[in-house]
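The data block below is target.pdb; it holds PDB, C-alpha atoms.
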```pdb
ATOM      1  CA  MET A 167     -14.428 -33.886   7.184
ATOM      2  CA  ALA A 168     -14.757 -30.109   7.299
ATOM      3  CA  CYS A 169     -12.220 -27.987   9.102
ATOM      4  CA  SER A 170     -12.835 -26.871  12.656
ATOM      5  CA  ASP A 171     -13.017 -23.212  13.637
ATOM      6  CA  THR A 172      -9.511 -23.630  15.058
ATOM      7  CA  ASP A 173      -8.231 -24.931  11.722
ATOM      8  CA  TYR A 174      -9.805 -22.041   9.815
ATOM      9  CA  ALA A 175      -8.266 -19.605  12.286
ATOM     10  CA  TYR A 176      -4.885 -21.241  11.670
ATOM     11  CA  LEU A 177      -5.310 -20.897   7.894
ATOM     12  CA  ARG A 178      -6.303 -17.243   8.193
ATOM     13  CA  GLU A 179      -3.217 -16.566  10.308
ATOM     14  CA  LEU A 180      -1.013 -18.442   7.842
ATOM     15  CA  VAL A 181      -2.295 -16.376   4.917
ATOM     16  CA  LEU A 182      -1.818 -13.172   6.912
ATOM     17  CA  GLU A 183       1.757 -14.127   7.780
ATOM     18  CA  GLN A 184       2.688 -15.164   4.251
ATOM     19  CA  SER A 185       0.965 -12.457   2.205
ATOM     20  CA  ALA A 186      -0.559  -9.852   4.571
ATOM     21  CA  ASN A 187      -4.021 -10.699   3.219
ATOM     22  CA  LEU A 188      -6.741 -10.478   5.853
ATOM     23  CA  ILE A 189      -9.371 -13.188   5.330
ATOM     24  CA  ASP A 190     -12.612 -12.457   7.150
ATOM     25  CA  PRO A 191     -14.082 -15.464   9.033
ATOM     26  CA  SER A 192     -17.273 -15.047   6.995
ATOM     27  CA  ARG A 193     -15.277 -16.206   3.964
ATOM     28  CA  ASN A 194     -14.003 -19.476   5.463
ATOM     29  CA  ALA A 195     -15.766 -21.434   2.717
ATOM     30  CA  LEU A 196     -13.178 -20.067   0.277
ATOM     31  CA  PHE A 197     -10.573 -22.232   1.977
ATOM     32  CA  ASP A 198     -12.606 -25.343   1.137
ATOM     33  CA  THR A 199     -12.915 -24.345  -2.527
ATOM     34  CA  ARG A 200      -9.385 -23.142  -3.153
ATOM     35  CA  LEU A 201      -7.338 -25.468  -0.953
ATOM     36  CA  THR A 202      -9.014 -28.825  -1.635
ATOM     37  CA  PRO A 203      -7.159 -29.303  -4.988
ATOM     38  CA  ILE A 204      -3.847 -28.493  -3.265
ATOM     39  CA  ALA A 205      -4.676 -30.892  -0.435
ATOM     40  CA  ARG A 206      -5.328 -33.709  -2.901
ATOM     41  CA  LEU A 207      -2.086 -33.063  -4.780
ATOM     42  CA  SER A 208      -0.174 -33.119  -1.499
ATOM     43  CA  GLY A 209      -1.554 -36.570  -0.647
ATOM     44  CA  ALA A 210      -3.908 -35.470   2.132
ATOM     45  CA  ASP A 211      -7.194 -37.353   2.459
ATOM     46  CA  SER A 212      -9.103 -34.267   3.553
ATOM     47  CA  LEU A 213      -8.678 -30.569   4.188
ATOM     48  CA  GLU A 214      -8.392 -31.339   7.888
ATOM     49  CA  ASP A 215      -5.474 -33.696   7.192
ATOM     50  CA  PHE A 216      -3.910 -31.013   4.987
ATOM     51  CA  VAL A 217      -4.083 -28.486   7.815
ATOM     52  CA  ASN A 218      -2.376 -30.993  10.099
ATOM     53  CA  MET A 219       0.405 -31.324   7.521
ATOM     54  CA  LEU A 220       0.790 -27.551   7.456
ATOM     55  CA  LYS A 221       0.925 -27.358  11.233
ATOM     56  CA  ALA A 222       3.654 -29.997  11.240
ATOM     57  CA  GLY A 223       5.654 -27.830   8.853
ATOM     58  CA  ARG A 224       5.947 -30.394   6.099
ATOM     59  CA  PRO A 225       6.561 -29.590   3.374
ATOM     60  CA  ALA A 226       7.329 -25.923   3.932
ATOM     61  CA  HIS A 227       6.560 -24.857   0.341
ATOM     62  CA  LEU A 228       2.889 -25.667   0.911
ATOM     63  CA  HIS A 229       2.618 -22.659   3.225
ATOM     64  CA  ARG A 230       3.366 -20.417   0.256
ATOM     65  CA  ALA A 231       0.951 -22.403  -1.923
ATOM     66  CA  VAL A 232      -1.858 -21.705   0.538
ATOM     67  CA  ALA A 233      -1.153 -17.959   0.491
ATOM     68  CA  GLU A 234      -1.050 -17.894  -3.305
ATOM     69  CA  ALA A 235      -4.312 -19.828  -3.591
ATOM     70  CA  MET A 236      -6.078 -17.383  -1.289
ATOM     71  CA  THR A 237      -4.735 -14.244  -2.974
ATOM     72  CA  ILE A 238      -7.512 -12.392  -4.780
ATOM     73  CA  ASN A 239      -6.721 -12.543  -8.506
ATOM     74  CA  GLU A 240      -9.865 -10.873  -9.823
ATOM     75  CA  THR A 241      -8.965  -8.731 -12.823
ATOM     76  CA  SER A 242      -9.993  -7.872 -16.366
ATOM     77  CA  PHE A 243      -8.854  -5.780 -19.315
ATOM     78  CA  PHE A 244      -9.415  -2.052 -18.712
ATOM     79  CA  ARG A 245     -10.963  -2.806 -15.319
ATOM     80  CA  ASP A 246     -12.737   0.333 -14.050
ATOM     81  CA  MET A 247     -12.461   2.472 -17.177
ATOM     82  CA  LYS A 248     -12.363   5.838 -15.380
ATOM     83  CA  PRO A 249      -8.751   5.474 -14.163
ATOM     84  CA  PHE A 250      -7.611   4.617 -17.686
ATOM     85  CA  GLU A 251      -9.357   7.720 -19.011
ATOM     86  CA  MET A 252      -7.624   9.762 -16.296
ATOM     87  CA  LEU A 253      -4.284   8.239 -17.315
ATOM     88  CA  ARG A 254      -4.964   9.069 -20.960
ATOM     89  CA  GLN A 255      -6.164  12.606 -20.359
ATOM     90  CA  ILE A 256      -3.894  13.744 -17.519
ATOM     91  CA  LEU A 257      -1.080  11.570 -16.202
ATOM     92  CA  VAL A 258       0.519  10.148 -19.347
ATOM     93  CA  PRO A 259       0.611  13.585 -21.082
ATOM     94  CA  ARG A 260       2.238  15.036 -17.951
ATOM     95  CA  LEU A 261       4.800  12.240 -17.839
ATOM     96  CA  ILE A 262       5.600  12.710 -21.526
ATOM     97  CA  GLU A 263       6.237  16.393 -20.900
ATOM     98  CA  ARG A 264       8.429  15.660 -17.885
ATOM     99  CA  ARG A 265      10.431  12.897 -19.573
ATOM    100  CA  THR A 266      10.956  14.501 -22.995
ATOM    101  CA  GLU A 267      14.721  14.674 -22.562
ATOM    102  CA  GLU A 268      15.155  11.126 -21.220
ATOM    103  CA  ARG A 269      12.542   9.612 -23.575
ATOM    104  CA  ARG A 270      12.111   6.814 -21.042
ATOM    105  CA  LEU A 271       9.115   5.698 -18.970
ATOM    106  CA  ARG A 272       8.811   2.961 -16.357
ATOM    107  CA  LEU A 273       5.295   1.975 -15.277
ATOM    108  CA  TRP A 274       4.483  -0.516 -12.505
ATOM    109  CA  SER A 275       1.372  -2.652 -12.198
ATOM    110  CA  ALA A 276       2.077  -3.595  -8.595
ATOM    111  CA  ALA A 277      -0.494  -6.370  -8.245
ATOM    112  CA  SER A 278      -0.809  -7.459 -11.835
ATOM    113  CA  SER A 279      -2.489 -10.838 -11.312
ATOM    114  CA  THR A 280      -2.789 -12.543 -14.723
ATOM    115  CA  GLY A 281      -1.526  -9.477 -16.557
ATOM    116  CA  GLN A 282      -4.607  -7.778 -17.957
ATOM    117  CA  GLU A 283      -3.910  -4.458 -16.221
ATOM    118  CA  ALA A 284      -0.338  -4.267 -17.516
ATOM    119  CA  TYR A 285      -1.348  -5.208 -21.057
ATOM    120  CA  SER A 286      -4.252  -2.735 -20.936
ATOM    121  CA  LEU A 287      -1.836   0.031 -19.988
ATOM    122  CA  ALA A 288       0.477  -0.919 -22.865
ATOM    123  CA  MET A 289      -2.453  -1.001 -25.309
ATOM    124  CA  MET A 290      -3.664   2.400 -24.140
ATOM    125  CA  ILE A 291      -0.200   3.867 -24.703
ATOM    126  CA  ALA A 292       0.140   2.294 -28.139
ATOM    127  CA  GLU A 293      -3.347   3.429 -29.139
ATOM    128  CA  HIS A 294      -3.302   7.022 -27.932
ATOM    129  CA  PHE A 295       0.368   8.014 -27.743
ATOM    130  CA  PRO A 296       2.057   6.901 -30.987
ATOM    131  CA  GLU A 297       4.901   9.340 -30.290
ATOM    132  CA  LEU A 298       6.058   6.973 -27.538
ATOM    133  CA  ALA A 299       6.844   4.255 -30.088
ATOM    134  CA  SER A 300      10.379   5.645 -30.324
ATOM    135  CA  TRP A 301      10.758   5.925 -26.532
ATOM    136  CA  ASP A 302      12.060   3.346 -24.065
ATOM    137  CA  VAL A 303       8.759   2.399 -22.415
ATOM    138  CA  LYS A 304       8.362  -0.599 -20.127
ATOM    139  CA  VAL A 305       5.347  -1.776 -18.134
ATOM    140  CA  ILE A 306       6.412  -4.048 -15.276
ATOM    141  CA  GLY A 307       3.834  -6.271 -13.620
ATOM    142  CA  THR A 308       4.429  -8.004 -10.286
ATOM    143  CA  ASP A 309       2.344 -10.419  -8.233
ATOM    144  CA  ILE A 310       2.695 -12.643  -5.179
ATOM    145  CA  SER A 311       1.499 -15.713  -7.086
ATOM    146  CA  ARG A 312       4.083 -17.361  -9.300
ATOM    147  CA  HIS A 313       1.279 -19.201 -11.074
ATOM    148  CA  VAL A 314      -0.408 -16.008 -12.279
ATOM    149  CA  VAL A 315       2.962 -14.442 -13.141
ATOM    150  CA  ASP A 316       3.622 -17.407 -15.444
ATOM    151  CA  TYR A 317       0.144 -16.996 -16.914
ATOM    152  CA  ALA A 318       0.725 -13.295 -17.579
ATOM    153  CA  GLN A 319       4.066 -13.950 -19.241
ATOM    154  CA  LYS A 320       2.426 -16.287 -21.765
ATOM    155  CA  GLY A 321       0.084 -13.489 -22.890
ATOM    156  CA  ARG A 322      -2.665 -15.913 -23.922
ATOM    157  CA  TYR A 323      -6.257 -15.495 -22.758
ATOM    158  CA  ARG A 324      -9.479 -17.428 -23.088
ATOM    159  CA  ARG A 325     -12.518 -16.010 -24.866
ATOM    160  CA  LEU A 326     -14.262 -15.226 -21.572
ATOM    161  CA  GLU A 327     -11.245 -13.245 -20.393
ATOM    162  CA  VAL A 328     -10.946 -11.070 -23.485
ATOM    163  CA  ASN A 329     -14.701 -10.488 -23.536
ATOM    164  CA  ARG A 330     -14.432  -8.806 -20.131
ATOM    165  CA  GLY A 331     -13.540  -5.186 -20.720
ATOM    166  CA  LEU A 332     -11.521  -5.345 -23.937
ATOM    167  CA  PRO A 333     -13.174  -3.351 -26.764
ATOM    168  CA  ALA A 334     -13.648  -5.406 -29.927
ATOM    169  CA  ARG A 335     -11.590  -2.946 -31.980
ATOM    170  CA  MET A 336      -8.603  -3.259 -29.640
ATOM    171  CA  LEU A 337      -9.021  -7.028 -29.455
ATOM    172  CA  LEU A 338      -8.642  -7.298 -33.229
ATOM    173  CA  LYS A 339      -5.833  -4.746 -33.365
ATOM    174  CA  TYR A 340      -3.646  -5.952 -30.500
ATOM    175  CA  MET A 341      -4.407  -9.672 -30.196
ATOM    176  CA  THR A 342      -4.334 -12.679 -32.498
ATOM    177  CA  ARG A 343      -6.734 -15.609 -32.281
ATOM    178  CA  HIS A 344      -5.385 -19.114 -31.818
ATOM    179  CA  GLY A 345      -8.313 -21.517 -31.667
ATOM    180  CA  GLU A 346     -10.181 -20.737 -28.453
ATOM    181  CA  GLU A 347      -7.452 -18.421 -27.154
ATOM    182  CA  TRP A 348      -6.278 -14.923 -27.988
ATOM    183  CA  GLU A 349      -2.598 -13.996 -27.840
ATOM    184  CA  VAL A 350      -1.279 -10.503 -27.110
ATOM    185  CA  SER A 351       0.573  -9.052 -30.097
ATOM    186  CA  PRO A 352       4.398  -8.945 -30.130
ATOM    187  CA  GLN A 353       4.234  -5.134 -30.097
ATOM    188  CA  ILE A 354       2.352  -5.068 -26.796
ATOM    189  CA  ARG A 355       4.204  -8.006 -25.251
ATOM    190  CA  SER A 356       7.544  -6.329 -25.935
ATOM    191  CA  MET A 357       6.432  -3.430 -23.745
ATOM    192  CA  CYS A 358       5.603  -5.648 -20.749
ATOM    193  CA  GLU A 359       7.472  -7.910 -18.369
ATOM    194  CA  PHE A 360       6.301  -9.784 -15.273
ATOM    195  CA  HIS A 361       8.017 -10.759 -12.034
ATOM    196  CA  TYR A 362       7.208 -12.369  -8.698
ATOM    197  CA  ALA A 363       7.069  -9.934  -5.773
ATOM    198  CA  ASN A 364       5.501  -9.979  -2.322
ATOM    199  CA  LEU A 365       4.456  -6.416  -1.560
ATOM    200  CA  CYS A 366       4.796  -7.059   2.171
ATOM    201  CA  ALA A 367       8.356  -8.365   1.967
ATOM    202  CA  PRO A 368      11.597  -6.802   0.718
ATOM    203  CA  LEU A 369      10.983  -6.035  -2.930
ATOM    204  CA  PRO A 370      13.174  -7.456  -5.705
ATOM    205  CA  LEU A 371      15.504  -5.205  -7.649
ATOM    206  CA  LEU A 372      13.196  -2.814  -9.488
ATOM    207  CA  PRO A 373      13.804   0.455 -11.332
ATOM    208  CA  THR A 374      12.566   3.878 -10.300
ATOM    209  CA  PHE A 375       9.028   4.241 -11.609
ATOM    210  CA  ASP A 376       7.187   7.157 -13.191
ATOM    211  CA  LEU A 377       3.783   5.611 -12.498
ATOM    212  CA  VAL A 378       2.597   3.006  -9.989
ATOM    213  CA  LEU A 379      -0.810   1.339 -10.223
ATOM    214  CA  LEU A 380      -1.668  -0.172  -6.834
ATOM    215  CA  ARG A 381      -5.346  -0.844  -7.325
ATOM    216  CA  ASN A 382      -7.686  -2.967  -5.211
ATOM    217  CA  VAL A 383      -4.901  -4.288  -2.990
ATOM    218  CA  LEU A 384      -4.889  -2.167   0.161
ATOM    219  CA  LEU A 385      -8.366  -3.326   1.164
ATOM    220  CA  TYR A 386      -6.823  -6.640   2.239
ATOM    221  CA  PHE A 387      -3.858  -5.177   4.152
ATOM    222  CA  SER A 388      -3.587  -4.221   7.792
ATOM    223  CA  GLN A 389      -2.885  -0.601   8.678
ATOM    224  CA  GLN A 390       0.718  -1.378   9.559
ATOM    225  CA  ASP A 391       1.290  -3.237   6.297
ATOM    226  CA  ARG A 392      -0.217  -0.331   4.384
ATOM    227  CA  ARG A 393       2.194   2.108   6.012
ATOM    228  CA  THR A 394       5.135  -0.159   5.222
ATOM    229  CA  LEU A 395       4.046  -0.571   1.617
ATOM    230  CA  PHE A 396       3.539   3.164   1.114
ATOM    231  CA  ARG A 397       7.118   3.754   2.313
ATOM    232  CA  GLU A 398       8.368   1.232  -0.247
ATOM    233  CA  ILE A 399       6.261   2.772  -3.021
ATOM    234  CA  HIS A 400       7.547   6.246  -2.127
ATOM    235  CA  ARG A 401      11.110   4.958  -2.312
ATOM    236  CA  LYS A 402      10.498   3.377  -5.744
ATOM    237  CA  LEU A 403       8.585   6.307  -7.244
ATOM    238  CA  SER A 404      10.204   9.204  -9.082
ATOM    239  CA  PRO A 405       9.691  12.604  -7.403
ATOM    240  CA  ALA A 406       7.877  13.582 -10.611
ATOM    241  CA  GLY A 407       5.839  10.389 -10.714
ATOM    242  CA  TYR A 408       2.300   9.374  -9.761
ATOM    243  CA  LEU A 409       0.519   6.733  -7.691
ATOM    244  CA  VAL A 410      -2.954   5.459  -8.622
ATOM    245  CA  LEU A 411      -5.053   3.465  -6.138
ATOM    246  CA  GLY A 412      -8.369   1.657  -6.480
ATOM    247  CA  ASN A 413     -11.632   3.578  -6.463
ATOM    248  CA  ALA A 414     -12.407   2.532  -2.878
ATOM    249  CA  GLU A 415      -8.886   3.102  -1.530
ATOM    250  CA  GLN A 416      -7.054   6.137  -0.210
ATOM    251  CA  ALA A 417      -3.583   6.868   1.088
ATOM    252  CA  GLU A 418      -4.423   9.645   3.561
ATOM    253  CA  ASP A 419      -5.443   7.276   6.377
ATOM    254  CA  SER A 420      -2.119   5.441   6.353
ATOM    255  CA  THR A 421       0.630   7.814   5.255
ATOM    256  CA  ASN A 422       1.681  11.425   4.799
ATOM    257  CA  LEU A 423       4.147  10.564   2.030
ATOM    258  CA  PHE A 424       1.705  11.401  -0.768
ATOM    259  CA  GLU A 425      -0.565  14.300  -1.568
ATOM    260  CA  VAL A 426      -3.843  13.778  -3.344
ATOM    261  CA  GLU A 427      -4.951  15.373  -6.612
ATOM    262  CA  PHE A 428      -8.214  15.091  -8.509
ATOM    263  CA  GLY A 429      -8.892  15.076 -12.227
ATOM    264  CA  ALA A 430     -11.101  13.365 -14.806
ATOM    265  CA  ASP A 431     -13.340  12.082 -11.992
ATOM    266  CA  CYS A 432     -10.465  10.223 -10.308
ATOM    267  CA  TYR A 433      -8.079  10.711  -7.425
ATOM    268  CA  PHE A 434      -4.347  10.188  -7.864
ATOM    269  CA  TYR A 435      -1.274  10.899  -5.753
ATOM    270  CA  SER A 436       2.056  12.684  -6.035
ATOM    271  CA  PRO A 437       4.978  11.849  -3.728
ATOM    272  CA  VAL A 438       5.851  14.389  -1.052
ATOM    273  CA  SER A 439       9.468  15.516  -1.043
ATOM    274  CA  LEU A 440      11.397  14.464   2.071
ATOM    275  CA  ALA A 441      14.198  16.971   1.454
TER     276      ALA A 441
END
```

Could you write out this structure as structure tokens?
Amino acid sequence: MACSDTDYAYLRELVLEQSANLIDPSRNALFDTRLTPIARLSGADSLEDFVNMLKAGRPAHLHRAVAEAMTINETSFFRDMKPFEMLRQILVPRLIERRTEERRLRLWSAASSTGQEAYSLAMMIAEHFPELASWDVKVIGTDISRHVVDYAQKGRYRRLEVNRGLPARMLLKYMTRHGEEWEVSPQIRSMCEFHYANLCAPLPLLPTFDLVLLRNVLLYFSQQDRRTLFREIHRKLSPAGYLVLGNAEQAEDSTNLFEVEFGADCYFYSPVSLA
């Protein structure tokens, strides 16, 4: 039996509470697709029965499972190439100049999903900035879904995944084929690490970052959650660092903690000093 409008409303509220993702009622069918496997594993006979289990609060971990299942994990290697060109032409050279004495860079893929963005950033650095090979460079990916964090840590991707956005030359240079899968090279994997983090909850212990990629995330957050997240990003970002959002996102509507710049056909942000 299909869920009632009341049940869908409950699920939307549950996802909002757990992850700050706003699910539009027009997308209720996604609940059927993504939650039915979880319902079966939990022993429920139908999605309606599963919702009743959730409402009864048993077991509590299923609430988190629902939020993770509904989190948008759409990603690909070098997704939206323009920002990567802007990073190559403008931001990474600036960061190298600013960090010459420390010879240390910390880069954050703040909604890394299955890891392609973080690995793409590491590949771009290895490909175009060989001088950084002797630096302490780390790309840290975080995501709300433990499942996709585990997937990213393995660094293995199916043919369809590597065919989306990854140039053939870089595929052969930075990945190794294992049957029907491709594994990220040790060189690139050593530059990346992945952790669980809910961007709308207190963040885990993280370093101060020189660059934060927060792309295609804010579209699903409420205005209040955006303001809260921008405060956290500002706190985690070096005064000489940069924030990069998705092409359809902007910070100006939600915060005055960042000032916008434009270069290489892309917008990016610098933190405003609070001193």

- Task: Around the point (17.7, 2.2, -10.4), in the coordinates given by the file, pick out the residues reaching within 12 Å, counting only C-alpha atoms, and return them as a PyMOL selection string.
- Result: chain A and resi 272+370-376+401-404

- Where does the PyMOL selection byres ((chain A and resi 432) around 8) land in this file, that is, which residues does it pick, as a ChimeraX atom specification? /A:248-249,252,413,428-431,433-434

- Task: Could you please give me, as a list in words, the residues of protein, DNA or RNA lying at most 12 Å from (12.3, -6.6, 3.6) in the coordinate frame of the file, considering all atoms listed in the file?
- Result: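 Here is the list of nearby residues: Ala363, Asn364, Leu365, Cys366, Ala367, Pro368, Leu369, Pro370, Leu371, Asp391, Thr394, Leu395, Arg397 and Glu398 of chain A.
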
- Query: Counting only C-alpha atoms, what is within 10 Å of stretch 294-299 of chain A, bar same-chain residues fewer than 6 positions away, as a list in words?
  - Reply: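 Counting only C-alpha atoms, the residues come to Arg254, Gln255, Val258, Pro259, Ile262, Arg269, Arg270, Leu271, Gln353 and Met357 of chain A.
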
Sorted by chain and rising residue number, which residues of stretch 294-323 of chain A lie within 12 Å of stretch 169-188 of chain A, and what are their closest atom pairs and distances in Å to one decimal, counting only C-alpha atoms, as a Markdown table?
```
| residue | atom | partner | partner_atom | distance |
| --- | --- | --- | --- | --- |
| A:Asp309 | CA | A:Ser185 | CA | 10.7 |
| A:Ile310 | CA | A:Ser185 | CA | 7.6 |
| A:Ser311 | CA | A:Ser185 | CA | 9.9 |
```

Please write the residues from the selection above to a file, keeping C-alpha atoms, as a CSV table (one decimal), in the frame of the given file.
```csv
chain,number,residue,atom,x,y,z
A,309,ASP,CA,2.3,-10.4,-8.2
A,310,ILE,CA,2.7,-12.6,-5.2
A,311,SER,CA,1.5,-15.7,-7.1
```

For stretch 191-200 of chain A, where the input has fewer atoms than it should, I would like all heavy atoms rebuilt and written as an mmCIF file, in the coordinates of the input.
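Output (part-v8.cif):
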```cif
data_model
loop_
_atom_site.group_PDB
_atom_site.id
_atom_site.type_symbol
_atom_site.label_atom_id
_atom_site.label_comp_id
_atom_site.auth_asym_id
_atom_site.auth_seq_id
_atom_site.Cartn_x
_atom_site.Cartn_y
_atom_site.Cartn_z
ATOM 1 N N PRO A 191 -13.509 -14.153 8.708
ATOM 2 C CA PRO A 191 -14.082 -15.464 9.033
ATOM 3 C C PRO A 191 -15.333 -15.804 8.237
ATOM 4 O O PRO A 191 -15.622 -16.985 8.018
ATOM 5 C CB PRO A 191 -14.389 -15.334 10.535
ATOM 6 C CG PRO A 191 -13.398 -14.331 11.034
ATOM 7 C CD PRO A 191 -13.247 -13.341 9.914
ATOM 8 N N SER A 192 -16.066 -14.784 7.781
ATOM 9 C CA SER A 192 -17.273 -15.047 6.995
ATOM 10 C C SER A 192 -16.958 -15.689 5.644
ATOM 11 O O SER A 192 -17.855 -16.204 4.981
ATOM 12 C CB SER A 192 -18.055 -13.750 6.776
ATOM 13 O OG SER A 192 -17.301 -12.834 5.985
ATOM 14 N N ARG A 193 -15.680 -15.654 5.266
ATOM 15 C CA ARG A 193 -15.277 -16.206 3.964
ATOM 16 C C ARG A 193 -14.506 -17.513 4.123
ATOM 17 O O ARG A 193 -13.751 -17.914 3.244
ATOM 18 C CB ARG A 193 -14.436 -15.167 3.209
ATOM 19 C CG ARG A 193 -15.187 -13.850 3.001
ATOM 20 C CD ARG A 193 -14.318 -12.753 2.445
ATOM 21 N NE ARG A 193 -13.935 -13.017 1.081
ATOM 22 C CZ ARG A 193 -12.669 -12.986 0.626
ATOM 23 N NH1 ARG A 193 -11.689 -12.708 1.451
ATOM 24 N NH2 ARG A 193 -12.405 -13.222 -0.637
ATOM 25 N N ASN A 194 -14.714 -18.213 5.226
ATOM 26 C CA ASN A 194 -14.003 -19.476 5.463
ATOM 27 C C ASN A 194 -14.254 -20.497 4.368
ATOM 28 O O ASN A 194 -13.390 -21.337 4.082
ATOM 29 C CB ASN A 194 -14.414 -20.072 6.810
ATOM 30 C CG ASN A 194 -13.705 -19.415 7.986
ATOM 31 O OD1 ASN A 194 -12.675 -18.748 7.806
ATOM 32 N ND2 ASN A 194 -14.235 -19.594 9.182
ATOM 33 N N ALA A 195 -15.442 -20.452 3.759
ATOM 34 C CA ALA A 195 -15.766 -21.434 2.717
ATOM 35 C C ALA A 195 -14.804 -21.350 1.544
ATOM 36 O O ALA A 195 -14.610 -22.344 0.820
ATOM 37 C CB ALA A 195 -17.199 -21.231 2.231
ATOM 38 N N LEU A 196 -14.169 -20.192 1.353
ATOM 39 C CA LEU A 196 -13.178 -20.067 0.277
ATOM 40 C C LEU A 196 -12.021 -21.028 0.468
ATOM 41 O O LEU A 196 -11.438 -21.516 -0.504
ATOM 42 C CB LEU A 196 -12.649 -18.634 0.215
ATOM 43 C CG LEU A 196 -13.436 -17.607 -0.608
ATOM 44 C CD1 LEU A 196 -12.764 -16.252 -0.523
ATOM 45 C CD2 LEU A 196 -13.555 -18.055 -2.055
ATOM 46 N N PHE A 197 -11.659 -21.286 1.726
ATOM 47 C CA PHE A 197 -10.573 -22.232 1.977
ATOM 48 C C PHE A 197 -10.928 -23.610 1.435
ATOM 49 O O PHE A 197 -10.088 -24.296 0.839
ATOM 50 C CB PHE A 197 -10.280 -22.324 3.475
ATOM 51 C CG PHE A 197 -9.575 -21.125 4.039
ATOM 52 C CD1 PHE A 197 -10.214 -20.259 4.902
ATOM 53 C CD2 PHE A 197 -8.251 -20.865 3.712
ATOM 54 C CE1 PHE A 197 -9.571 -19.152 5.431
ATOM 55 C CE2 PHE A 197 -7.585 -19.760 4.225
ATOM 56 C CZ PHE A 197 -8.251 -18.905 5.093
ATOM 57 N N ASP A 198 -12.187 -24.039 1.640
ATOM 58 C CA ASP A 198 -12.606 -25.343 1.137
ATOM 59 C C ASP A 198 -12.466 -25.415 -0.380
ATOM 60 O O ASP A 198 -11.944 -26.394 -0.936
ATOM 61 C CB ASP A 198 -14.070 -25.608 1.518
ATOM 62 C CG ASP A 198 -14.283 -25.633 3.022
ATOM 63 O OD1 ASP A 198 -13.290 -25.713 3.762
ATOM 64 O OD2 ASP A 198 -15.447 -25.571 3.445
ATOM 65 N N THR A 199 -12.922 -24.350 -1.068
ATOM 66 C CA THR A 199 -12.915 -24.345 -2.527
ATOM 67 C C THR A 199 -11.508 -24.289 -3.099
ATOM 68 O O THR A 199 -11.150 -25.050 -4.018
ATOM 69 C CB THR A 199 -13.729 -23.145 -3.056
ATOM 70 O OG1 THR A 199 -15.058 -23.222 -2.550
ATOM 71 C CG2 THR A 199 -13.753 -23.128 -4.568
ATOM 72 N N ARG A 200 -10.688 -23.412 -2.542
ATOM 73 C CA ARG A 200 -9.385 -23.142 -3.153
ATOM 74 C C ARG A 200 -8.277 -24.080 -2.680
ATOM 75 O O ARG A 200 -7.292 -24.284 -3.399
ATOM 76 C CB ARG A 200 -8.981 -21.691 -2.898
ATOM 77 C CG ARG A 200 -9.958 -20.698 -3.521
ATOM 78 C CD ARG A 200 -9.439 -19.292 -3.465
ATOM 79 N NE ARG A 200 -10.385 -18.355 -4.069
ATOM 80 C CZ ARG A 200 -10.143 -17.076 -4.262
ATOM 81 N NH1 ARG A 200 -8.978 -16.562 -3.900
ATOM 82 N NH2 ARG A 200 -11.043 -16.298 -4.823
#
```
